[in-house]
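**Q** This is the structure, below, for whatever I ask next.
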Amino acid sequence: MGELEIRDLTKVFHDDGGDIVAVDSFDAEIEDGEFVVLVGPSGCGKSTTLRMIAGLENPTEGEVVLDGEDVTEKKPKSRNMAMVFQSYALYPHMTARENMAFGLKMTTDLSKDEIADRVQNAADMMGIGGLLDKKPDELSGGQQQRVALGRAIVREPEVFLMDEPLSNLDAKLRTQMRTELQELQQEFGVTTIYVTHDQTEAMTMSDRIAVLDDGRLQQLGTPLECYHEPANRFVAGFIGSPSMNFFDVELDTSGATPTLIHDAFEYELDDDVYADVEGHGPRLTLGIRPEDVKAVPEGTHNAISPTVKVTEPLGDVSYVYLDIGGEQYTATLEGDIVIESGRTLTVQFPQDRIHLFDGETGEALR
Ligand code: ATP
């Protein structure tokens with residue numbers, strides 16, 4: 001088993017400048033075998049959250065409960081969790097085999113043969129069975145990372161905790177290791193909490209994503225939930241690439257049709273969309289993903305005709321950067337489209353694709 005309950009986990013650091021709330025009341029229930037990715041901008045509290053779960057950092061408040069047992073006060077090595085770091089943290093004077101066996105020798109009473117078996121099995125699984133007698137400086141970055149992962153696997157933990165384990169690898173190897181890690185995790189079915197600031201990693205690897213900002217959990221959901229139904233403006237802007245376009249608007253209900261007023265355009269709302277924002281505002285934020293912006297004929301209802309700044313054809317799609325009211329926005333259009341800079345392009349934000357947020361709190365209304 002590896003069912004993890006994280007209750008109200010909080011960390012306040014004290015330094016000369018005052019108190020820093022690194023993690024603020026983090027709550028989550030993580031199922032046995034689940035792969036959860038903690039994602040968010042630099043300094044949002046990802047590593048501190050992971051380190052508190054591992055026992056490497058004492059929480060100011062809150063509890064970590066593993067399979068019904070409160071482990072908050074337990075030492076890291078007594079928690080049945082294995083941590084993998086970005087920097088591999090291998091002992092340079094030991095061979096790969098000794099590095100992988102070290103933790104087992106220190107923390108278990110397994111026999112020499114049992115340890116040797118476990119190390120060999122894990123190494124074979126990681127594709128480094130033939131490299132066990134080499135020292136870290138004789139191994140490539142990818143091989144060192146495999147040793148570090150192997151060292152976690154041999155412990156047969158209930159939970160894997162990984163802090164940006166792939167960020168020191170080049171792009172190609174990272175993609176390859178990403179797939180391998182996922183396969184490994186599925187094969188073992190070990191609960192995994194994985195920290196990254198790379199949203200592609202978060203979207204592709206996880207069962208659920210925990211999006212953090214400023215020490216607070218903003219949303220815990222499947223990748224598609226976070227993409228289609230972001231809880232607030234922060235999540236909407238963080239998940240998805242290129243990022244969602246946001247417009248500060250005012251809701252005007254004085255006329256026959258409720259209308260969003262932006263400095264550069266007006267947008268009439270359908271009844272069902274209005275129903276979602278009725279009673280809110282007047283300040284709202286209109287959000288539309290670049291891939292949802294539609295090129296339409298001039299004169300289409302709710303369409304606008306901004307100037308094109310630049311077009312970037314990528315082959316399958318093209319990014320078109322538009323000037324709307326002096327700000328830059330992005331439309332992702334299908335195919336190889338080349339539009340001369342300075343020309344206008346008529347676009348529409350389809351009513352069923354728009355997102356609306358409270359202009360003050362950022363809370364998603366639709
Ligand atoms: P990154 O992606 O840059 O690693 P992160 O999301 O993992 O960032 P944390 O390392 O958890 O963020 O840091 C959260 C906040 O706590 C930051 O403001 C950081 O400066 C602060 N912090 C972390 N460790 C300490 C410490 N030992 N003493 C004081 N402040 C700390």
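By order of appearance in the structure tokens: chains A, B, ..., then residues from 1 within every chain, and ligands from 1 in the order shown.
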Neighbours of range 168-175 of chain A within 12 Å (only C-alpha atoms; same-chain residues fewer than 3 positions away dropped), as a PyMOL selection string?

**A** chain A and resi 85-88+140-146+163-165+178-182+198+200-201+204-205

**Q** For the residues in the current selection, export N, CA and C atoms as a CSV table (one decimal), in the first residue's frame.

**A**
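Saved to selection18.csv:
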```
chain,number,residue,atom,x,y,z
A,85,PHE,N,16.7,12.9,-6.3
A,85,PHE,CA,17.0,14.3,-6.4
A,85,PHE,C,17.4,14.6,-7.8
A,86,GLN,N,17.4,15.9,-8.1
A,86,GLN,CA,17.8,16.4,-9.4
A,86,GLN,C,19.3,16.2,-9.6
A,87,SER,N,20.1,16.3,-8.5
A,87,SER,CA,21.5,16.2,-8.5
A,87,SER,C,22.1,14.8,-8.4
A,88,TYR,N,21.2,13.8,-8.5
A,88,TYR,CA,21.6,12.4,-8.3
A,88,TYR,C,22.1,12.0,-6.9
A,140,SER,N,27.6,8.5,-17.9
A,140,SER,CA,27.0,9.7,-18.4
A,140,SER,C,25.9,10.2,-17.4
A,141,GLY,N,25.4,11.4,-17.7
A,141,GLY,CA,24.4,12.0,-16.8
A,141,GLY,C,23.1,11.1,-16.8
A,142,GLY,N,22.8,10.5,-17.9
A,142,GLY,CA,21.6,9.6,-18.0
A,142,GLY,C,21.8,8.4,-17.2
A,143,GLN,N,23.0,7.8,-17.3
A,143,GLN,CA,23.3,6.6,-16.6
A,143,GLN,C,23.4,6.8,-15.1
A,144,GLN,N,23.9,8.0,-14.7
A,144,GLN,CA,24.0,8.3,-13.3
A,144,GLN,C,22.6,8.5,-12.7
A,145,GLN,N,21.7,9.1,-13.5
A,145,GLN,CA,20.3,9.2,-13.1
A,145,GLN,C,19.6,7.9,-12.9
A,146,ARG,N,20.0,7.0,-13.8
A,146,ARG,CA,19.4,5.6,-13.7
A,146,ARG,C,19.9,4.9,-12.4
A,163,ASP,N,12.3,15.0,-7.0
A,163,ASP,CA,12.4,16.4,-7.1
A,163,ASP,C,13.2,16.8,-8.4
A,164,GLU,N,12.5,17.1,-9.4
A,164,GLU,CA,13.0,17.5,-10.7
A,164,GLU,C,14.1,16.5,-11.2
A,165,PRO,N,13.8,15.2,-11.2
A,165,PRO,CA,14.9,14.2,-11.4
A,165,PRO,C,15.5,14.2,-12.8
A,178,ARG,N,11.5,10.2,-19.4
A,178,ARG,CA,10.1,10.5,-19.0
A,178,ARG,C,9.2,9.3,-19.2
A,179,THR,N,9.3,8.7,-20.5
A,179,THR,CA,8.6,7.5,-20.8
A,179,THR,C,9.0,6.3,-20.0
A,180,GLU,N,10.3,6.2,-19.8
A,180,GLU,CA,10.8,5.0,-19.0
A,180,GLU,C,10.2,5.1,-17.6
A,181,LEU,N,10.3,6.3,-17.0
A,181,LEU,CA,9.9,6.5,-15.6
A,181,LEU,C,8.4,6.2,-15.5
A,182,GLN,N,7.6,6.6,-16.4
A,182,GLN,CA,6.2,6.3,-16.4
A,182,GLN,C,5.9,4.8,-16.5
A,198,ASP,N,8.1,22.0,-15.2
A,198,ASP,CA,7.9,21.8,-16.6
A,198,ASP,C,6.5,21.3,-16.8
A,200,THR,N,4.9,20.4,-19.5
A,200,THR,CA,4.7,19.3,-20.4
A,200,THR,C,4.9,18.0,-19.6
A,201,GLU,N,5.9,18.0,-18.7
A,201,GLU,CA,6.2,16.8,-17.9
A,201,GLU,C,5.0,16.6,-17.0
A,204,THR,N,2.0,15.2,-19.1
A,204,THR,CA,2.1,13.9,-19.8
A,204,THR,C,2.3,12.8,-18.8
A,205,MET,N,2.9,13.0,-17.6
A,205,MET,CA,3.3,11.9,-16.7
A,205,MET,C,2.2,11.6,-15.7
```

**Q** Can you pull out the residues contacting Phe35 in chain A? Cut-off 7 Å, using only C-alpha atoms, and skip same-chain residues under 5 positions away; I want them as a ChimeraX atom specification.

**A** /A:191-193,206-208

**Q** Restricted to N, CA and C atoms, what would the selected residues look like written as a compact mmCIF listing (two decimals), in the first residue's frame?

**A**
```txt
# COMPACT_ATOMS: atom_id res chain seq x y z
N THR A 191 3.05 4.56 -5.46
CA THR A 191 2.61 5.95 -5.34
C THR A 191 3.79 6.88 -5.58
N THR A 192 3.62 7.86 -6.44
CA THR A 192 4.75 8.73 -6.78
C THR A 192 4.34 10.20 -6.70
N ILE A 193 5.17 10.98 -6.03
CA ILE A 193 4.97 12.43 -6.04
C ILE A 193 6.20 13.03 -6.69
N SER A 206 1.42 12.61 -15.33
CA SER A 206 0.67 12.47 -14.08
C SER A 206 -0.72 11.87 -14.24
N ASP A 207 -1.19 11.24 -13.16
CA ASP A 207 -2.61 10.96 -13.03
C ASP A 207 -3.33 12.24 -12.63
N ARG A 208 -2.73 12.93 -11.66
CA ARG A 208 -3.28 14.23 -11.26
C ARG A 208 -2.15 15.24 -11.09
```

**Q** Step by step, measure atom-to-atom distances between ligand 1 and each residue using only C-alpha atoms and all ligand atoms, keep those at most 7 Å, then write them as an MDAnalysis selection string.

**A** chainID A and resid 13:15 20:23 40:49 197 215

**Q** Can you write just those residues out, N, CA and C atoms, as a PDB file, in the first residue's frame?

**A**
```
ATOM      1  N   PHE A  13       9.234  29.716   7.197  1.00  0.00           N
ATOM      2  CA  PHE A  13      10.661  29.927   7.470  1.00  0.00           C
ATOM      3  C   PHE A  13      10.822  31.308   8.111  1.00  0.00           C
ATOM      4  N   HIS A  14      11.743  31.391   9.057  1.00  0.00           N
ATOM      5  CA  HIS A  14      12.012  32.701   9.661  1.00  0.00           C
ATOM      6  C   HIS A  14      13.399  33.141   9.212  1.00  0.00           C
ATOM      7  N   ASP A  15      13.515  34.321   8.658  1.00  0.00           N
ATOM      8  CA  ASP A  15      14.849  34.865   8.415  1.00  0.00           C
ATOM      9  C   ASP A  15      14.858  36.347   8.792  1.00  0.00           C
ATOM     10  N   ILE A  20       8.608  33.789   6.117  1.00  0.00           N
ATOM     11  CA  ILE A  20       8.269  33.400   4.742  1.00  0.00           C
ATOM     12  C   ILE A  20       7.362  32.179   4.831  1.00  0.00           C
ATOM     13  N   VAL A  21       6.129  32.346   4.370  1.00  0.00           N
ATOM     14  CA  VAL A  21       5.214  31.198   4.342  1.00  0.00           C
ATOM     15  C   VAL A  21       5.479  30.444   3.040  1.00  0.00           C
ATOM     16  N   ALA A  22       6.300  29.407   3.119  1.00  0.00           N
ATOM     17  CA  ALA A  22       6.703  28.671   1.911  1.00  0.00           C
ATOM     18  C   ALA A  22       5.581  27.761   1.439  1.00  0.00           C
ATOM     19  N   VAL A  23       4.868  27.151   2.393  1.00  0.00           N
ATOM     20  CA  VAL A  23       3.740  26.271   2.069  1.00  0.00           C
ATOM     21  C   VAL A  23       2.618  26.598   3.045  1.00  0.00           C
ATOM     22  N   GLY A  40       4.475  24.300 -10.587  1.00  0.00           N
ATOM     23  CA  GLY A  40       4.243  25.713 -10.288  1.00  0.00           C
ATOM     24  C   GLY A  40       5.516  26.492 -10.521  1.00  0.00           C
ATOM     25  N   PRO A  41       5.428  27.805 -10.506  1.00  0.00           N
ATOM     26  CA  PRO A  41       6.604  28.631 -10.798  1.00  0.00           C
ATOM     27  C   PRO A  41       7.667  28.527  -9.707  1.00  0.00           C
ATOM     28  N   SER A  42       8.855  28.987  -9.997  1.00  0.00           N
ATOM     29  CA  SER A  42       9.958  28.947  -9.049  1.00  0.00           C
ATOM     30  C   SER A  42       9.565  29.638  -7.740  1.00  0.00           C
ATOM     31  N   GLY A  43       9.864  28.961  -6.630  1.00  0.00           N
ATOM     32  CA  GLY A  43       9.604  29.554  -5.322  1.00  0.00           C
ATOM     33  C   GLY A  43       8.180  29.362  -4.809  1.00  0.00           C
ATOM     34  N   CYS A  44       7.353  28.574  -5.518  1.00  0.00           N
ATOM     35  CA  CYS A  44       5.949  28.437  -5.099  1.00  0.00           C
ATOM     36  C   CYS A  44       5.787  27.440  -3.954  1.00  0.00           C
ATOM     37  N   GLY A  45       6.856  26.696  -3.618  1.00  0.00           N
ATOM     38  CA  GLY A  45       6.786  25.795  -2.470  1.00  0.00           C
ATOM     39  C   GLY A  45       6.774  24.314  -2.803  1.00  0.00           C
ATOM     40  N   LYS A  46       7.082  23.959  -4.040  1.00  0.00           N
ATOM     41  CA  LYS A  46       7.049  22.554  -4.452  1.00  0.00           C
ATOM     42  C   LYS A  46       8.032  21.704  -3.653  1.00  0.00           C
ATOM     43  N   SER A  47       9.310  22.147  -3.658  1.00  0.00           N
ATOM     44  CA  SER A  47      10.343  21.337  -2.994  1.00  0.00           C
ATOM     45  C   SER A  47      10.092  21.249  -1.497  1.00  0.00           C
ATOM     46  N   THR A  48       9.672  22.350  -0.910  1.00  0.00           N
ATOM     47  CA  THR A  48       9.425  22.337   0.533  1.00  0.00           C
ATOM     48  C   THR A  48       8.298  21.357   0.866  1.00  0.00           C
ATOM     49  N   THR A  49       7.265  21.324   0.041  1.00  0.00           N
ATOM     50  CA  THR A  49       6.167  20.365   0.255  1.00  0.00           C
ATOM     51  C   THR A  49       6.708  18.940   0.204  1.00  0.00           C
ATOM     52  N   HIS A 197       8.905  22.046 -12.731  1.00  0.00           N
ATOM     53  CA  HIS A 197       8.276  23.303 -13.124  1.00  0.00           C
ATOM     54  C   HIS A 197       7.912  23.250 -14.603  1.00  0.00           C
ATOM     55  N   GLY A 215       2.870  29.306  -2.431  1.00  0.00           N
ATOM     56  CA  GLY A 215       2.698  28.463  -1.259  1.00  0.00           C
ATOM     57  C   GLY A 215       1.331  27.812  -1.124  1.00  0.00           C
TER      58      GLY A 215
END
```

**Q** Which polymer residues have any atom within 9 Å of an atom of Glu5 in chain A, counting only C-alpha atoms, with same-chain residues fewer than 5 positions away left out, as number ranges by chain?

**A** A: 27-31, 63-68

**Q** Among range 204-324 of chain A, which ones does DSSP place in alpha helix (DSSP H), written as a PDB file with N, CA and C atoms, in the first residue's frame?

**A**
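Contents of result00.pdb, as written:
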```pdb
ATOM      1  N   THR A 204       1.992  15.195 -19.144  1.00  0.00           N
ATOM      2  CA  THR A 204       2.118  13.890 -19.782  1.00  0.00           C
ATOM      3  C   THR A 204       2.324  12.751 -18.787  1.00  0.00           C
ATOM      4  N   MET A 205       2.915  13.030 -17.628  1.00  0.00           N
ATOM      5  CA  MET A 205       3.262  11.922 -16.733  1.00  0.00           C
ATOM      6  C   MET A 205       2.207  11.620 -15.686  1.00  0.00           C
ATOM      7  N   PRO A 223      -4.856  16.162 -15.562  1.00  0.00           N
ATOM      8  CA  PRO A 223      -4.327  17.158 -16.491  1.00  0.00           C
ATOM      9  C   PRO A 223      -5.438  17.809 -17.322  1.00  0.00           C
ATOM     10  N   LEU A 224      -6.392  17.007 -17.771  1.00  0.00           N
ATOM     11  CA  LEU A 224      -7.446  17.580 -18.620  1.00  0.00           C
ATOM     12  C   LEU A 224      -8.420  18.447 -17.837  1.00  0.00           C
ATOM     13  N   GLU A 225      -8.666  18.088 -16.577  1.00  0.00           N
ATOM     14  CA  GLU A 225      -9.492  18.972 -15.734  1.00  0.00           C
ATOM     15  C   GLU A 225      -8.830  20.337 -15.588  1.00  0.00           C
ATOM     16  N   CYS A 226      -7.523  20.307 -15.288  1.00  0.00           N
ATOM     17  CA  CYS A 226      -6.809  21.580 -15.096  1.00  0.00           C
ATOM     18  C   CYS A 226      -6.779  22.386 -16.391  1.00  0.00           C
ATOM     19  N   TYR A 227      -6.751  21.696 -17.522  1.00  0.00           N
ATOM     20  CA  TYR A 227      -6.719  22.382 -18.818  1.00  0.00           C
ATOM     21  C   TYR A 227      -8.107  22.922 -19.190  1.00  0.00           C
ATOM     22  N   HIS A 228      -9.125  22.083 -19.076  1.00  0.00           N
ATOM     23  CA  HIS A 228     -10.464  22.498 -19.530  1.00  0.00           C
ATOM     24  C   HIS A 228     -11.247  23.261 -18.471  1.00  0.00           C
ATOM     25  N   ARG A 233      -7.777  31.915 -12.513  1.00  0.00           N
ATOM     26  CA  ARG A 233      -7.001  32.528 -13.589  1.00  0.00           C
ATOM     27  C   ARG A 233      -5.549  32.065 -13.570  1.00  0.00           C
ATOM     28  N   PHE A 234      -4.998  31.855 -12.382  1.00  0.00           N
ATOM     29  CA  PHE A 234      -3.605  31.408 -12.315  1.00  0.00           C
ATOM     30  C   PHE A 234      -3.426  30.058 -13.019  1.00  0.00           C
ATOM     31  N   VAL A 235      -4.264  29.089 -12.663  1.00  0.00           N
ATOM     32  CA  VAL A 235      -4.152  27.748 -13.268  1.00  0.00           C
ATOM     33  C   VAL A 235      -4.384  27.845 -14.779  1.00  0.00           C
ATOM     34  N   ALA A 236      -5.376  28.652 -15.164  1.00  0.00           N
ATOM     35  CA  ALA A 236      -5.689  28.827 -16.593  1.00  0.00           C
ATOM     36  C   ALA A 236      -4.471  29.334 -17.357  1.00  0.00           C
ATOM     37  N   GLY A 237      -3.719  30.247 -16.751  1.00  0.00           N
ATOM     38  CA  GLY A 237      -2.562  30.823 -17.416  1.00  0.00           C
ATOM     39  C   GLY A 237      -1.346  29.930 -17.356  1.00  0.00           C
ATOM     40  N   PHE A 238      -1.269  29.086 -16.312  1.00  0.00           N
ATOM     41  CA  PHE A 238      -0.074  28.260 -16.118  1.00  0.00           C
ATOM     42  C   PHE A 238      -0.113  26.990 -16.963  1.00  0.00           C
ATOM     43  N   ASP A 271     -27.238  33.781 -23.538  1.00  0.00           N
ATOM     44  CA  ASP A 271     -27.951  33.669 -22.255  1.00  0.00           C
ATOM     45  C   ASP A 271     -27.287  32.679 -21.301  1.00  0.00           C
ATOM     46  N   ASP A 272     -26.881  31.495 -21.831  1.00  0.00           N
ATOM     47  CA  ASP A 272     -26.337  30.469 -20.930  1.00  0.00           C
ATOM     48  C   ASP A 272     -24.977  30.890 -20.379  1.00  0.00           C
ATOM     49  N   VAL A 273     -24.233  31.670 -21.139  1.00  0.00           N
ATOM     50  CA  VAL A 273     -22.945  32.145 -20.643  1.00  0.00           C
ATOM     51  C   VAL A 273     -23.187  33.216 -19.586  1.00  0.00           C
ATOM     52  N   TYR A 274     -24.137  34.097 -19.879  1.00  0.00           N
ATOM     53  CA  TYR A 274     -24.459  35.161 -18.918  1.00  0.00           C
ATOM     54  C   TYR A 274     -24.901  34.562 -17.581  1.00  0.00           C
ATOM     55  N   ALA A 275     -25.649  33.454 -17.662  1.00  0.00           N
ATOM     56  CA  ALA A 275     -26.153  32.813 -16.431  1.00  0.00           C
ATOM     57  C   ALA A 275     -24.995  32.476 -15.485  1.00  0.00           C
ATOM     58  N   ASP A 276     -23.839  32.148 -16.035  1.00  0.00           N
ATOM     59  CA  ASP A 276     -22.682  31.782 -15.197  1.00  0.00           C
ATOM     60  C   ASP A 276     -22.061  32.979 -14.482  1.00  0.00           C
ATOM     61  N   VAL A 277     -22.244  34.170 -15.036  1.00  0.00           N
ATOM     62  CA  VAL A 277     -21.570  35.332 -14.438  1.00  0.00           C
ATOM     63  C   VAL A 277     -22.552  36.309 -13.794  1.00  0.00           C
TER      64      VAL A 277
END
```

**Q** Return the single residue from A:Leu161, A:Leu50, A:Leu139, A:Leu56 that is closest to Ala82 in chain A, with distances computed using only C-alpha atoms.

**A**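 Smallest distance to Ala82 in chain A is found for A:Leu161.
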
**Q** For the atom pair CA of Asp8 in chain A and CA of Gly359 in chain A, what is the interatomic distance in Å to one decimal place?

**A**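 We find that CA of Asp8 in chain A and CA of Gly359 in chain A lie 28.1 Å from each other.
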